[in-house]
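Text of entry-v9.cif (mmCIF, C-alpha atoms and all ligand atoms) as supplied:
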data_query
loop_
_atom_site.label_atom_id
_atom_site.label_comp_id
_atom_site.auth_asym_id
_atom_site.auth_seq_id
_atom_site.Cartn_x
_atom_site.Cartn_y
_atom_site.Cartn_z
CA MET N 1 0.00 0.00 0.00
CA GLU N 2 1.28 3.45 -0.87
CA GLN N 3 2.29 5.54 2.14
CA ASP N 4 0.40 8.76 2.86
CA LYS N 5 2.05 11.91 1.60
CA TYR N 6 1.71 15.31 3.20
CA LEU N 7 1.21 18.16 0.77
CA CYS N 8 2.31 21.69 1.58
CA PRO N 9 -0.80 23.82 0.85
CA TYR N 10 1.37 26.87 0.12
CA CYS N 11 3.88 25.53 -2.43
CA LEU N 12 2.59 21.99 -3.14
CA ILE N 13 5.82 20.16 -2.22
CA THR N 14 5.08 16.73 -0.70
CA PHE N 15 6.59 15.29 2.50
CA GLU N 16 6.74 11.84 4.06
CA SER N 17 5.53 12.90 7.49
CA ILE N 18 3.48 15.61 9.14
CA GLN N 19 6.55 16.55 11.20
CA ASP N 20 8.57 17.20 8.01
CA LEU N 21 5.73 19.28 6.62
CA ARG N 22 5.48 21.31 9.81
CA ARG N 23 9.26 21.94 9.81
CA HIS N 24 9.07 23.06 6.17
CA ILE N 25 6.22 25.49 6.87
CA VAL N 26 8.04 26.98 9.86
CA ALA N 27 11.14 27.50 7.68
CA GLU N 28 9.56 28.61 4.40
CA HIS N 29 6.11 30.01 5.18
CA LYS N 30 6.60 31.67 8.54
CA THR N 31 3.39 33.67 8.59
CA GLU N 32 1.07 30.80 7.58
CA PRO N 33 -0.88 28.57 9.98
CA LEU N 34 0.66 25.20 10.79
CA PRO N 35 -1.18 21.93 10.12
CA VAL N 36 -2.01 20.10 13.31
CA SER N 37 -0.84 16.55 14.05
CA GLU N 38 -3.75 14.11 13.67
CA GLY N 39 -6.34 16.83 14.16
CA GLN N 40 -5.47 17.39 17.85
CA ILE N 41 -5.46 20.98 18.99
CA LYS N 42 -4.80 22.54 22.37
CA LEU N 43 -6.39 25.83 23.19
CA THR N 44 -7.46 27.87 26.18
CA ILE N 45 -11.07 29.00 26.41
CA ASN N 46 -11.99 31.49 29.14
CA GLY N 47 -8.89 30.47 31.08
CA GLU N 48 -9.50 26.69 30.87
CA ASP N 49 -7.25 24.38 28.85
CA TYR N 50 -8.75 22.09 26.24
CA GLN N 51 -7.24 19.36 24.10
CA ILE N 52 -9.62 18.37 21.33
CA ARG N 53 -9.61 16.35 18.15
CA VAL N 54 -11.16 18.49 15.40
CA GLU N 55 -12.19 17.80 11.82
CA PRO N 56 -10.55 19.96 9.14
CA GLU N 57 -13.83 21.59 8.10
CA TRP N 58 -14.99 22.59 11.59
CA THR N 59 -15.18 26.30 12.21
CA LEU N 60 -14.30 27.76 15.56
CA TYR N 61 -17.98 28.71 15.90
CA TYR N 62 -19.01 25.06 15.41
CA LEU N 63 -16.44 23.87 17.92
CA LEU N 64 -17.44 26.43 20.55
CA HIS N 65 -21.18 26.41 20.09
CA ASP N 66 -22.07 22.90 18.93
CA LYS N 67 -19.29 20.79 20.39
CA LEU N 68 -18.30 22.53 23.62
CA GLY N 69 -21.60 24.17 24.56
CA PHE N 70 -20.53 27.83 24.52
CA THR N 71 -23.95 28.73 23.21
CA GLY N 72 -23.60 32.42 24.01
CA THR N 73 -21.74 32.81 20.73
CA LYS N 74 -24.40 33.37 18.08
CA MET N 75 -24.62 33.00 14.33
CA PHE N 76 -26.71 35.19 12.03
CA CYS N 77 -25.01 35.05 8.67
CA ASP N 78 -22.28 32.37 8.62
CA ARG N 79 -20.37 34.47 6.09
CA GLY N 80 -18.39 37.11 7.97
CA ALA N 81 -20.94 39.89 7.51
CA CYS N 82 -22.67 40.47 10.85
CA GLY N 83 -20.28 40.10 13.82
CA SER N 84 -22.71 38.05 15.92
CA CYS N 85 -20.22 35.17 16.20
CA THR N 86 -17.35 37.37 17.48
CA VAL N 87 -14.97 35.96 20.08
CA ILE N 88 -11.61 37.28 21.26
CA MET N 89 -8.56 35.36 20.13
CA ASP N 90 -5.21 36.34 21.60
CA GLY N 91 -6.59 39.79 22.37
CA ARG N 92 -8.21 40.48 18.98
CA PRO N 93 -11.90 40.24 18.09
CA ILE N 94 -12.36 37.64 15.35
CA LEU N 95 -15.29 36.10 13.52
CA SER N 96 -15.60 32.51 14.69
CA CYS N 97 -17.72 31.54 11.66
CA MET N 98 -14.79 32.47 9.39
CA THR N 99 -12.04 30.81 11.44
CA LEU N 100 -11.21 27.14 11.17
CA ALA N 101 -10.92 25.37 14.51
CA ILE N 102 -7.76 23.67 13.36
CA GLU N 103 -6.09 27.09 13.02
CA CYS N 104 -6.66 27.77 16.73
CA ASP N 105 -3.97 25.46 18.08
CA GLY N 106 -2.24 27.20 21.00
CA LYS N 107 -4.63 30.17 20.98
CA HIS N 108 -6.37 31.87 23.88
CA ILE N 109 -10.07 32.36 23.26
CA GLU N 110 -12.45 34.48 25.28
CA THR N 111 -16.21 34.16 24.77
CA ILE N 112 -19.20 36.00 26.16
CA GLU N 113 -19.40 33.37 28.93
CA GLY N 114 -15.90 34.30 30.12
CA ILE N 115 -16.73 38.01 30.04
CA ALA N 116 -19.96 37.47 31.99
CA LYS N 117 -18.17 35.33 34.57
CA LYS N 118 -15.72 38.17 35.22
CA GLU N 119 -18.71 40.46 35.83
CA HIS N 120 -17.31 42.94 33.36
CA PRO N 121 -19.10 46.34 33.63
CA LEU N 122 -20.20 46.03 30.01
CA ILE N 123 -22.72 43.39 31.05
CA GLU N 124 -24.42 45.67 33.60
CA GLU N 125 -24.38 48.69 31.29
CA TYR N 126 -25.83 46.71 28.39
CA VAL N 127 -28.73 45.73 30.63
CA LYS N 128 -29.10 49.23 32.09
CA TYR N 129 -29.16 50.93 28.68
CA HIS N 130 -31.51 48.37 27.11
CA CYS N 131 -29.09 47.51 24.34
CA MET N 132 -31.13 44.57 23.18
CA GLN N 133 -34.56 43.71 21.87
CA CYS N 134 -34.38 40.10 20.69
CA GLY N 135 -30.84 39.95 22.11
CA TYR N 136 -29.42 37.70 19.43
CA CYS N 137 -26.70 40.13 18.36
CA THR N 138 -25.86 41.23 21.90
CA PRO N 139 -23.04 38.76 22.75
CA GLY N 140 -21.18 39.74 19.57
CA PHE N 141 -21.45 43.45 20.43
CA ILE N 142 -20.28 42.92 24.01
CA VAL N 143 -17.33 40.76 22.96
CA THR N 144 -16.27 43.34 20.37
CA ALA N 145 -16.62 46.14 22.92
CA LYS N 146 -14.60 44.15 25.49
CA ALA N 147 -11.76 43.75 23.01
CA LEU N 148 -11.86 47.50 22.36
CA LEU N 149 -11.72 48.39 26.06
CA ASP N 150 -8.87 45.93 26.63
CA ARG N 151 -6.70 47.70 24.09
CA ASN N 152 -8.11 51.21 24.51
CA PRO N 153 -9.61 51.76 27.97
CA LYS N 154 -10.73 55.34 27.22
CA PRO N 155 -12.19 55.28 23.72
CA THR N 156 -13.83 58.32 22.16
CA GLU N 157 -17.34 58.14 20.71
CA GLU N 158 -15.86 57.83 17.25
CA GLU N 159 -13.58 55.00 18.33
CA VAL N 160 -16.50 53.09 19.85
CA LYS N 161 -18.56 53.56 16.68
CA GLU N 162 -15.66 52.43 14.54
CA ALA N 163 -14.98 49.33 16.70
CA LEU N 164 -18.65 48.29 16.59
CA ALA N 165 -19.13 49.06 12.90
CA GLY N 166 -18.85 45.39 11.93
CA ASN N 167 -21.64 44.29 14.26
CA LEU N 168 -25.15 44.33 12.84
CA CYS N 169 -28.41 44.50 14.79
CA ARG N 170 -31.66 43.71 13.01
CA CYS N 171 -33.62 45.34 15.83
CA GLY N 172 -31.85 48.68 15.39
CA THR N 173 -30.44 49.11 18.90
CA TYR N 174 -27.35 50.99 17.69
CA PRO N 175 -27.56 54.26 19.70
CA GLN N 176 -27.75 52.35 22.99
CA HIS N 177 -24.47 50.50 22.49
CA LEU N 178 -22.47 53.71 22.36
CA LYS N 179 -23.79 54.89 25.75
CA ALA N 180 -23.24 51.50 27.40
CA VAL N 181 -19.65 51.16 26.20
CA LEU N 182 -18.70 54.72 27.21
CA VAL N 183 -20.18 54.33 30.71
CA ALA N 184 -18.52 50.92 31.10
CA SER N 185 -15.17 52.48 30.20
CA GLN N 186 -15.69 55.16 32.87
CA LYS N 187 -16.51 52.48 35.43
CA LEU N 188 -13.42 50.52 34.50
CA ALA N 189 -11.28 53.63 34.93
CA LYS N 190 -12.75 54.10 38.43
CA HIS N 191 -12.96 50.58 39.78
CA GLY N 192 -11.00 48.33 37.41
CA ARG N 193 -12.51 45.01 36.33
S1 LIG C 201 -22.21 34.71 11.87
FE1 LIG C 201 -20.10 35.16 11.74
S2 LIG C 201 -20.05 37.15 10.92
FE2 LIG C 201 -22.15 36.62 10.87
S1 LIG C 202 -31.28 43.04 19.47
FE1 LIG C 202 -32.21 41.85 17.92
S2 LIG C 202 -30.70 41.69 16.42
FE2 LIG C 202 -29.88 43.06 17.81
#
Represent the structure of the file as structure tokens.
Ligand code: FES
Ligand code: FES
Amino acid sequence: MEQDKYLCPYCLITFESIQDLRRHIVAEHKTEPLPVSEGQIKLTINGEDYQIRVEPEWTLYYLLHDKLGFTGTKMFCDRGACGSCTVIMDGRPILSCMTLAIECDGKHIETIEGIAKKEHPLIEEYVKYHCMQCGYCTPGFIVTAKALLDRNPKPTEEEVKEALAGNLCRCGTYPQHLKAVLVASQKLAKHGR
């Protein structure tokens, strides 16, 4: 029987083992994601370590929501257009419907569940300012706003609007988000998180 070959997806050279392929990618394609040995990935979600076998076609959204039960992460569009599936990966807000789970090896993920558990002021202000009607988009907005406040604790109105520009709300709650994020940032400055 012919032995499996491992094809480099970036330059199409073949290798005898996954280890050889990984070494090649590290040397020749430094900025590209590495293939994962036998589909096993390790990642941290809300501070907890996970080691999981994933299929190549699984998105991070599917892994979080359907496989691990982080159902706070929502999906409207499944095509990178609405922001409802946003999670934080290594400090940056990303769209989990557009990210393959297998690319998340070694990453730190934060979801709305982790933010709620920390009792982040955004949660209280979102409730106080009635930032939701149906609420389906709300986790994505809060996660995006959390990532903004982590990197820019005192954002201006314009900076908040710009950060939230990729999040869509079918119920039209937009003006409320701005108030909630600005008040949460003031609270953070006063009391920390
Ligand atoms: S569900 Fe991911 S961007 Fe809309
Ligand atoms: S509150 Fe319904 S989609 Fe935003």
Nearby polymer residues, ligand LIG 201 (chain C), at most 10 Å, only C-alpha atoms and all ligand atoms, as a ChimeraX atom specification: /N:61,73-87,94-99,137,140,166-168
Atomic distance atom CA of N:Glu103 - atom CA of N:Pro139, expressed in Å with one decimal: 22.8 Å
Within 7 Å of ligand LIG 202 (chain C), which residues of chain N come that close, and what is the closest atom pair and distance in Å for each? Count all atoms listed in the file and give it as a Markdown table.
| residue | atom | partner | partner_atom | distance |
| --- | --- | --- | --- | --- |
| N:Cys131 | CA | C:LIG202 | S1 | 7.0 |
| N:Met132 | CA | C:LIG202 | S1 | 4.0 |
| N:Gln133 | CA | C:LIG202 | S1 | 4.1 |
| N:Cys134 | CA | C:LIG202 | FE1 | 3.9 |
| N:Gly135 | CA | C:LIG202 | S1 | 4.1 |
| N:Tyr136 | CA | C:LIG202 | S2 | 5.2 |
| N:Cys137 | CA | C:LIG202 | FE2 | 4.4 |
| N:Thr138 | CA | C:LIG202 | FE2 | 6.0 |
| N:Leu168 | CA | C:LIG202 | FE2 | 7.0 |
| N:Cys169 | CA | C:LIG202 | FE2 | 3.7 |
| N:Arg170 | CA | C:LIG202 | S2 | 4.1 |
| N:Cys171 | CA | C:LIG202 | FE1 | 4.3 |
| N:Gly172 | CA | C:LIG202 | FE2 | 6.4 |
| N:Thr173 | CA | C:LIG202 | S1 | 6.2 |
Suppose we keep C-alpha atoms; can you now write the selection as a PDB file, keeping the file's coordinate frame?
ATOM      1  CA  CYS N 131     -29.090  47.510  24.340  1.00  0.00           C
ATOM      2  CA  MET N 132     -31.130  44.570  23.180  1.00  0.00           C
ATOM      3  CA  GLN N 133     -34.560  43.710  21.870  1.00  0.00           C
ATOM      4  CA  CYS N 134     -34.380  40.100  20.690  1.00  0.00           C
ATOM      5  CA  GLY N 135     -30.840  39.950  22.110  1.00  0.00           C
ATOM      6  CA  TYR N 136     -29.420  37.700  19.430  1.00  0.00           C
ATOM      7  CA  CYS N 137     -26.700  40.130  18.360  1.00  0.00           C
ATOM      8  CA  THR N 138     -25.860  41.230  21.900  1.00  0.00           C
ATOM      9  CA  LEU N 168     -25.150  44.330  12.840  1.00  0.00           C
ATOM     10  CA  CYS N 169     -28.410  44.500  14.790  1.00  0.00           C
ATOM     11  CA  ARG N 170     -31.660  43.710  13.010  1.00  0.00           C
ATOM     12  CA  CYS N 171     -33.620  45.340  15.830  1.00  0.00           C
ATOM     13  CA  GLY N 172     -31.850  48.680  15.390  1.00  0.00           C
ATOM     14  CA  THR N 173     -30.440  49.110  18.900  1.00  0.00           C
TER      15      THR N 173
END
Given all atoms listed in the file as the counted atoms, nearest of N:Val26, N:Ile18, N:Leu64, N:Ile13 to N:Tyr50: N:Leu64
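With all atoms listed in the file as the basis for measurement, N:Pro175 is the residue among N:Pro93, N:Pro56, N:Gly72, N:Pro175 that approaches N:Tyr126 most closely.
Here atom CA of N:Tyr129 and atom CA of N:Asn46 stand 25.9 Å from one another.
Distance annotation: of N:Val143, N:Ala101, N:Leu122, N:Leu148, the residue with the minimal separation from N:Lys179 is N:Leu122; atom set is all atoms listed in the file.
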Given all atoms listed in the file as the counted atoms, nearest of N:His29, N:His191, N:Arg151, N:Lys67 to N:His120: N:His191
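You will find atom CA of N:Pro153 at 22.2 Å from atom CA of N:His130.
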Shell of 12 Å around N:Glu48, all atoms listed in the file, local chain residues under 5 positions omitted, as a PyMOL selection string: chain N and resi 42-43+107-111+114
Residue among N:Ala189, N:Glu159, N:Tyr10, N:Lys154 lying closest to N:Thr31, counting all atoms listed in the file: N:Tyr10
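Between N:Gly106 and the candidates N:Asp90, N:Asp150, N:Glu57, N:Glu119, the tightest atom-to-atom separation, counting only C-alpha atoms, involves N:Asp90.
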Taking N, CA and C atoms as the atom set, what does stretch 150-177 of chain N look like once completed, written as a PDB file, in the frame of the given file?
ATOM      1  N   ASP N 150     -10.150  46.542  26.221  1.00  0.00           N
ATOM      2  CA  ASP N 150      -8.870  45.930  26.630  1.00  0.00           C
ATOM      3  C   ASP N 150      -7.688  46.652  26.007  1.00  0.00           C
ATOM      4  N   ARG N 151      -7.852  47.061  24.750  1.00  0.00           N
ATOM      5  CA  ARG N 151      -6.700  47.700  24.090  1.00  0.00           C
ATOM      6  C   ARG N 151      -6.761  49.218  24.174  1.00  0.00           C
ATOM      7  N   ASN N 152      -7.935  49.761  24.445  1.00  0.00           N
ATOM      8  CA  ASN N 152      -8.110  51.210  24.510  1.00  0.00           C
ATOM      9  C   ASN N 152      -9.127  51.527  25.596  1.00  0.00           C
ATOM     10  N   PRO N 153      -8.675  51.633  26.843  1.00  0.00           N
ATOM     11  CA  PRO N 153      -9.610  51.760  27.970  1.00  0.00           C
ATOM     12  C   PRO N 153     -10.431  53.056  27.969  1.00  0.00           C
ATOM     13  N   LYS N 154      -9.952  54.094  27.238  1.00  0.00           N
ATOM     14  CA  LYS N 154     -10.730  55.340  27.220  1.00  0.00           C
ATOM     15  C   LYS N 154     -11.070  55.722  25.779  1.00  0.00           C
ATOM     16  N   PRO N 155     -11.909  54.975  25.124  1.00  0.00           N
ATOM     17  CA  PRO N 155     -12.190  55.280  23.720  1.00  0.00           C
ATOM     18  C   PRO N 155     -13.074  56.524  23.582  1.00  0.00           C
ATOM     19  N   THR N 156     -12.924  57.219  22.468  1.00  0.00           N
ATOM     20  CA  THR N 156     -13.830  58.320  22.160  1.00  0.00           C
ATOM     21  C   THR N 156     -15.098  57.743  21.532  1.00  0.00           C
ATOM     22  N   GLU N 157     -16.105  58.596  21.359  1.00  0.00           N
ATOM     23  CA  GLU N 157     -17.340  58.140  20.710  1.00  0.00           C
ATOM     24  C   GLU N 157     -17.039  57.565  19.333  1.00  0.00           C
ATOM     25  N   GLU N 158     -16.184  58.284  18.614  1.00  0.00           N
ATOM     26  CA  GLU N 158     -15.860  57.830  17.250  1.00  0.00           C
ATOM     27  C   GLU N 158     -15.173  56.469  17.276  1.00  0.00           C
ATOM     28  N   GLU N 159     -14.291  56.285  18.257  1.00  0.00           N
ATOM     29  CA  GLU N 159     -13.580  55.000  18.330  1.00  0.00           C
ATOM     30  C   GLU N 159     -14.529  53.845  18.674  1.00  0.00           C
ATOM     31  N   VAL N 160     -15.512  54.133  19.523  1.00  0.00           N
ATOM     32  CA  VAL N 160     -16.500  53.090  19.850  1.00  0.00           C
ATOM     33  C   VAL N 160     -17.306  52.755  18.590  1.00  0.00           C
ATOM     34  N   LYS N 161     -17.757  53.796  17.897  1.00  0.00           N
ATOM     35  CA  LYS N 161     -18.560  53.560  16.680  1.00  0.00           C
ATOM     36  C   LYS N 161     -17.758  52.757  15.667  1.00  0.00           C
ATOM     37  N   GLU N 162     -16.494  53.120  15.527  1.00  0.00           N
ATOM     38  CA  GLU N 162     -15.660  52.430  14.540  1.00  0.00           C
ATOM     39  C   GLU N 162     -15.471  50.957  14.944  1.00  0.00           C
ATOM     40  N   ALA N 163     -15.212  50.720  16.244  1.00  0.00           N
ATOM     41  CA  ALA N 163     -14.980  49.330  16.700  1.00  0.00           C
ATOM     42  C   ALA N 163     -16.224  48.473  16.491  1.00  0.00           C
ATOM     43  N   LEU N 164     -17.407  49.066  16.684  1.00  0.00           N
ATOM     44  CA  LEU N 164     -18.650  48.290  16.590  1.00  0.00           C
ATOM     45  C   LEU N 164     -19.242  48.273  15.185  1.00  0.00           C
ATOM     46  N   ALA N 165     -18.552  48.900  14.255  1.00  0.00           N
ATOM     47  CA  ALA N 165     -19.130  49.060  12.900  1.00  0.00           C
ATOM     48  C   ALA N 165     -19.380  47.725  12.202  1.00  0.00           C
ATOM     49  N   GLY N 166     -18.665  46.689  12.592  1.00  0.00           N
ATOM     50  CA  GLY N 166     -18.850  45.390  11.930  1.00  0.00           C
ATOM     51  C   GLY N 166     -19.951  44.540  12.545  1.00  0.00           C
ATOM     52  N   ASN N 167     -20.579  45.053  13.600  1.00  0.00           N
ATOM     53  CA  ASN N 167     -21.640  44.290  14.260  1.00  0.00           C
ATOM     54  C   ASN N 167     -23.000  44.815  13.808  1.00  0.00           C
ATOM     55  N   LEU N 168     -23.833  43.926  13.336  1.00  0.00           N
ATOM     56  CA  LEU N 168     -25.150  44.330  12.840  1.00  0.00           C
ATOM     57  C   LEU N 168     -26.242  43.916  13.831  1.00  0.00           C
ATOM     58  N   CYS N 169     -27.268  44.793  13.929  1.00  0.00           N
ATOM     59  CA  CYS N 169     -28.410  44.500  14.790  1.00  0.00           C
ATOM     60  C   CYS N 169     -29.685  44.689  13.974  1.00  0.00           C
ATOM     61  N   ARG N 170     -30.424  43.621  13.803  1.00  0.00           N
ATOM     62  CA  ARG N 170     -31.660  43.710  13.010  1.00  0.00           C
ATOM     63  C   ARG N 170     -32.722  44.519  13.738  1.00  0.00           C
ATOM     64  N   CYS N 171     -32.620  44.603  15.053  1.00  0.00           N
ATOM     65  CA  CYS N 171     -33.620  45.340  15.830  1.00  0.00           C
ATOM     66  C   CYS N 171     -33.297  46.826  15.939  1.00  0.00           C
ATOM     67  N   GLY N 172     -32.163  47.252  15.429  1.00  0.00           N
ATOM     68  CA  GLY N 172     -31.850  48.680  15.390  1.00  0.00           C
ATOM     69  C   GLY N 172     -31.508  49.296  16.727  1.00  0.00           C
ATOM     70  N   THR N 173     -30.753  48.590  17.556  1.00  0.00           N
ATOM     71  CA  THR N 173     -30.440  49.110  18.900  1.00  0.00           C
ATOM     72  C   THR N 173     -29.173  49.974  18.927  1.00  0.00           C
ATOM     73  N   TYR N 174     -28.699  50.376  17.781  1.00  0.00           N
ATOM     74  CA  TYR N 174     -27.350  50.990  17.690  1.00  0.00           C
ATOM     75  C   TYR N 174     -27.052  52.129  18.675  1.00  0.00           C
ATOM     76  N   PRO N 175     -27.947  53.128  18.837  1.00  0.00           N
ATOM     77  CA  PRO N 175     -27.560  54.260  19.700  1.00  0.00           C
ATOM     78  C   PRO N 175     -27.256  53.833  21.130  1.00  0.00           C
ATOM     79  N   GLN N 176     -27.910  52.773  21.596  1.00  0.00           N
ATOM     80  CA  GLN N 176     -27.750  52.350  22.990  1.00  0.00           C
ATOM     81  C   GLN N 176     -26.353  51.783  23.263  1.00  0.00           C
ATOM     82  N   HIS N 177     -25.776  51.128  22.281  1.00  0.00           N
ATOM     83  CA  HIS N 177     -24.470  50.500  22.490  1.00  0.00           C
ATOM     84  C   HIS N 177     -23.404  51.540  22.853  1.00  0.00           C
TER      85      HIS N 177
END
